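Engineer: Sharing a structure, written as structure tokens. Questions coming.
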Amino acid sequence: MKSIIKSLFVISVITSTAKAQSKFTIKGFNHIESVASDGKYIYAADIGKELNPTAKDGDGIIFKLDLKGKIIDSTFSKETLNAPKGIIIANGILFAADVDRLVALDSKSGKKLYDIAFADSISFLNDITVADKNTLYISATDKSKIYKVNLTTKTYSELVVDKIISSTNGLFFDKKSNRLYVNGMGSDNKPNGIVGFVDLSNNKFTQLATIEGLFDGIFLLGDNLYTSNWVAFEKKGIIQIIDIKTNKVSEVKLNALIAGPADFTILKNQIIIPEMMTGAIQFINLK
């Protein structure tokens, strides 16, 4: 079965131009929503055949790839998943947001260690960020909320922020500043989402820059906050960069616009971006 699935994947290498970054693209997935890496491997969460992030249809997949994008295991998760979205790896555990539960998998075997069920009213758990060995934060896009998860007690509580971040999506915890960087997809399917941070000392939100969009992934590298912006529900997506000191906004120079740039990661000056609407993953060198 694995060999059959692997044979469906096509790797295309696109030569860089003078101003655009060199890149290659892996095609043939269903709908990749999130990628993460432990520095040795890359993991990719695929919500399944239908672009339905809340469907409990049991066809969710997590792929394991090497750092060059070669698929090692097309059935990594030994737990049946529905529509896995945000994934992250910490302390040998791969955490996955799967509709209404947080699933913890052994990062070597893919076997389930435990899961944490959320309230029935929550159906769109999304991005995850780890604060420490006992704490992570997870967004609930359908509720425009952020939850703090205690991994020791396997319980969660709402992080009450002083401002609503509509369709809360991407999260990135920065230990140095004690900030939780966050963005949102916005409301009414319009590109009116915002980007900013929550100061965890007082839970107050500060918006960064004045940009709006359909924001998804978020990643802090030095003073640069990278965020993916769908712009529209078609092939118009971009990756924007906000200088957190000056609020100056720039863009990653892509060779082509992206159809649904989702929860990306940055590894060794390479940005790895799921193209959710077309079932592809782009690898782009930043330097």
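To be explicit about the labels: the chains of the structure tokens are called A, B, and onward in the order shown, and within each one the residues are counted from 1, while ligands get numbers from 1 in the order they are shown.
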Write out as a PDB file with C-alpha atoms, in the first residue's frame which residues come within 9 Å of A:Leu67 when counting only C-alpha atoms, dropping same-chain ones fewer than 4 positions away.

Structural biologist:
```
ATOM      1  CA  SER A  37      10.005  19.156  11.823  1.00  0.00           C
ATOM      2  CA  GLY A  39      15.315  18.656  12.662  1.00  0.00           C
ATOM      3  CA  LYS A  40      15.668  15.092  11.438  1.00  0.00           C
ATOM      4  CA  TYR A  41      12.386  14.539   9.651  1.00  0.00           C
ATOM      5  CA  ILE A  42       9.459  16.519   8.307  1.00  0.00           C
TER       6      ILE A  42
END
```

Engineer: Tell me which protein, DNA and RNA residues are within 12 Å of A:Val160, counting only C-alpha atoms, leaving out same-chain ones fewer than 6 positions away, and put them as a ChimeraX atom specification.

Structural biologist: /A:144-148,198-200,202-205

Engineer: Mind dumping a table of every stretch 96-193 of chain A residue within 12 Å of stretch 263-278 of chain A, with the nearest atom pair and its distance in Å to one decimal, using only C-alpha atoms, sorted by chain and rising number, as a Markdown table?

Structural biologist:
```
| residue | atom | partner | partner_atom | distance |
| --- | --- | --- | --- | --- |
| A:Asn126 | CA | A:Asp263 | CA | 9.3 |
| A:Asp127 | CA | A:Asp263 | CA | 7.5 |
| A:Ile128 | CA | A:Asp263 | CA | 9.9 |
| A:Thr129 | CA | A:Asp263 | CA | 11.5 |
| A:Asn169 | CA | A:Asp263 | CA | 9.1 |
| A:Gly170 | CA | A:Asp263 | CA | 7.2 |
| A:Leu171 | CA | A:Asp263 | CA | 9.6 |
| A:Phe172 | CA | A:Thr265 | CA | 10.8 |
| A:Asn183 | CA | A:Asp263 | CA | 11.4 |
```

Engineer: Which neighbours of A:Ala83 fall inside 8 Å, counting only C-alpha atoms, when residues of the same chain fewer than 4 positions from it are skipped, and could you give them as a list in words?

Structural biologist: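 Contacts, with the query itself left out: Asp46, Ile47, Gly48, Asn52, Pro53, Thr54, Ala55, Lys56, Asp57, Gly58, Asp59, Gly60, Ile61, Asp98 and Val99 of chain A.
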
Engineer: Can you write just those residues out, N, CA and C atoms, as a short mmCIF file (atom, residue, chain, number, x, y, z; two decimals), in the first residue's frame?

Structural biologist:
```cif
data_model
loop_
_atom_site.label_atom_id
_atom_site.label_comp_id
_atom_site.auth_asym_id
_atom_site.auth_seq_id
_atom_site.Cartn_x
_atom_site.Cartn_y
_atom_site.Cartn_z
N ASP A 46 -2.39 15.84 6.65
CA ASP A 46 -3.31 15.92 5.52
C ASP A 46 -4.72 15.67 6.04
N ILE A 47 -5.64 16.61 5.81
CA ILE A 47 -6.98 16.48 6.39
C ILE A 47 -7.83 15.45 5.65
N GLY A 48 -7.39 15.01 4.48
CA GLY A 48 -8.13 13.96 3.78
C GLY A 48 -8.59 14.36 2.40
N ASN A 52 -12.55 19.55 4.03
CA ASN A 52 -13.52 19.78 5.11
C ASN A 52 -12.79 19.59 6.44
N PRO A 53 -12.38 20.68 7.07
CA PRO A 53 -11.55 20.59 8.29
C PRO A 53 -12.29 20.13 9.54
N THR A 54 -13.60 19.97 9.46
CA THR A 54 -14.35 19.55 10.65
C THR A 54 -14.98 18.16 10.50
N ALA A 55 -14.74 17.51 9.37
CA ALA A 55 -15.39 16.22 9.10
C ALA A 55 -14.74 15.09 9.90
N LYS A 56 -15.56 14.31 10.58
CA LYS A 56 -15.08 13.13 11.30
C LYS A 56 -15.24 11.92 10.38
N ASP A 57 -14.39 11.87 9.36
CA ASP A 57 -14.53 10.84 8.32
C ASP A 57 -13.44 9.78 8.36
N GLY A 58 -12.49 9.91 9.29
CA GLY A 58 -11.48 8.88 9.48
C GLY A 58 -10.45 8.74 8.38
N ASP A 59 -10.34 9.75 7.49
CA ASP A 59 -9.37 9.61 6.39
C ASP A 59 -8.18 10.57 6.52
N GLY A 60 -7.96 11.09 7.71
CA GLY A 60 -6.82 11.97 7.94
C GLY A 60 -5.50 11.19 7.91
N ILE A 61 -4.45 11.84 7.44
CA ILE A 61 -3.15 11.20 7.29
C ILE A 61 -2.04 12.09 7.84
N ASP A 98 -6.92 17.46 16.00
CA ASP A 98 -7.80 16.65 15.15
C ASP A 98 -9.26 16.94 15.48
N VAL A 99 -9.80 17.94 14.82
CA VAL A 99 -11.20 18.37 14.94
C VAL A 99 -11.52 18.85 16.34
#
```

Engineer: Write out as a list in words each polymer residue whose atoms come within 9 Å of A:Ser250, counting only C-alpha atoms; drop sequence neighbours fewer than 2 positions from it.

Structural biologist: Ile239, Gln240, Ile241, Ile242, Asp243, Lys248 and Val252 of chain A

Engineer: For each of A:Gln282, A:Tyr156, A:Leu180, A:Leu225, take the minimum atom-to-atom distance to A:Asn134, counting only C-alpha atoms, then give the residue where this is smallest.

Structural biologist: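 Result for the nearest residue to A:Asn134: A:Tyr156.
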
Engineer: Could you state the separation of atom CA of A:Ile32 and atom CA of A:Lys190 in Å, given to one decimal place?

Structural biologist: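 These two atoms are separated by 22.1 Å.
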
Engineer: Atom CA of A:Ile71 to atom CA of A:Lys287: how many Å, to one decimal?

Structural biologist: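 Those two atoms sit 24.9 Å apart.
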
Engineer: If you count only C-alpha atoms, which residues fall within 9 Å of A:Gly193, apart from same-chain ones fewer than 2 positions away, as a PyMOL selection string?

Structural biologist: chain A and resi 165-168+183-187+190-191+195+211-215

Engineer: Counting only C-alpha atoms, what is within 9 Å of A:Ala117, bar same-chain residues fewer than 2 positions away, as number ranges by chain?

Structural biologist: A: 100-103, 115, 119-120, 155

Engineer: Write a file of the just-selected residues containing C-alpha atoms, as a PDB file, in the first residue's frame.

Structural biologist:
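Final output, selection.pdb:
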```pdb
ATOM      1  CA  ASP A 100     -12.190  18.292  18.637  1.00  0.00           C
ATOM      2  CA  ARG A 101      -9.272  16.578  20.337  1.00  0.00           C
ATOM      3  CA  LEU A 102      -5.549  16.915  20.838  1.00  0.00           C
ATOM      4  CA  VAL A 103      -3.756  13.701  19.907  1.00  0.00           C
ATOM      5  CA  ASP A 115      -5.533  12.220  23.593  1.00  0.00           C
ATOM      6  CA  ALA A 119     -16.023  20.142  24.473  1.00  0.00           C
ATOM      7  CA  ASP A 120     -18.535  18.895  21.909  1.00  0.00           C
ATOM      8  CA  THR A 155      -6.806  19.383  31.040  1.00  0.00           C
TER       9      THR A 155
END
```

Engineer: Report, in Å to a single decimal, how far apart atom CA of A:Tyr181 and atom CA of A:Ser201 are.

Structural biologist: 13.5 Å

Engineer: Using backbone DSSP assignments, extract all strand (DSSP E) residues from stretch 26-263 of chain A; output them as a PyMOL selection string.

Structural biologist: chain A and resi 26-27+32-37+42-46+61-65+71-73+84-90+93-98+101-106+112-117+125-132+135-140+145-150+155-158+168-174+179-184+195-199+204-207+215-221+224-229+235-243+249-251+258-259

Engineer: Counting only C-alpha atoms, which of A:Trp230, A:Asp174, A:Phe219, A:Phe29 gets nearest to A:Asn189?

Structural biologist: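 Selected residue with least distance to A:Asn189: A:Trp230.
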
Engineer: Select, from A:Ala104, A:Val161, A:Ile218, A:Ala209, the residue with the minimum atom-to-atom distance to A:Ala262, counting only C-alpha atoms.

Structural biologist: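 Ranked by minimum distance to A:Ala262, first place goes to A:Ile218.
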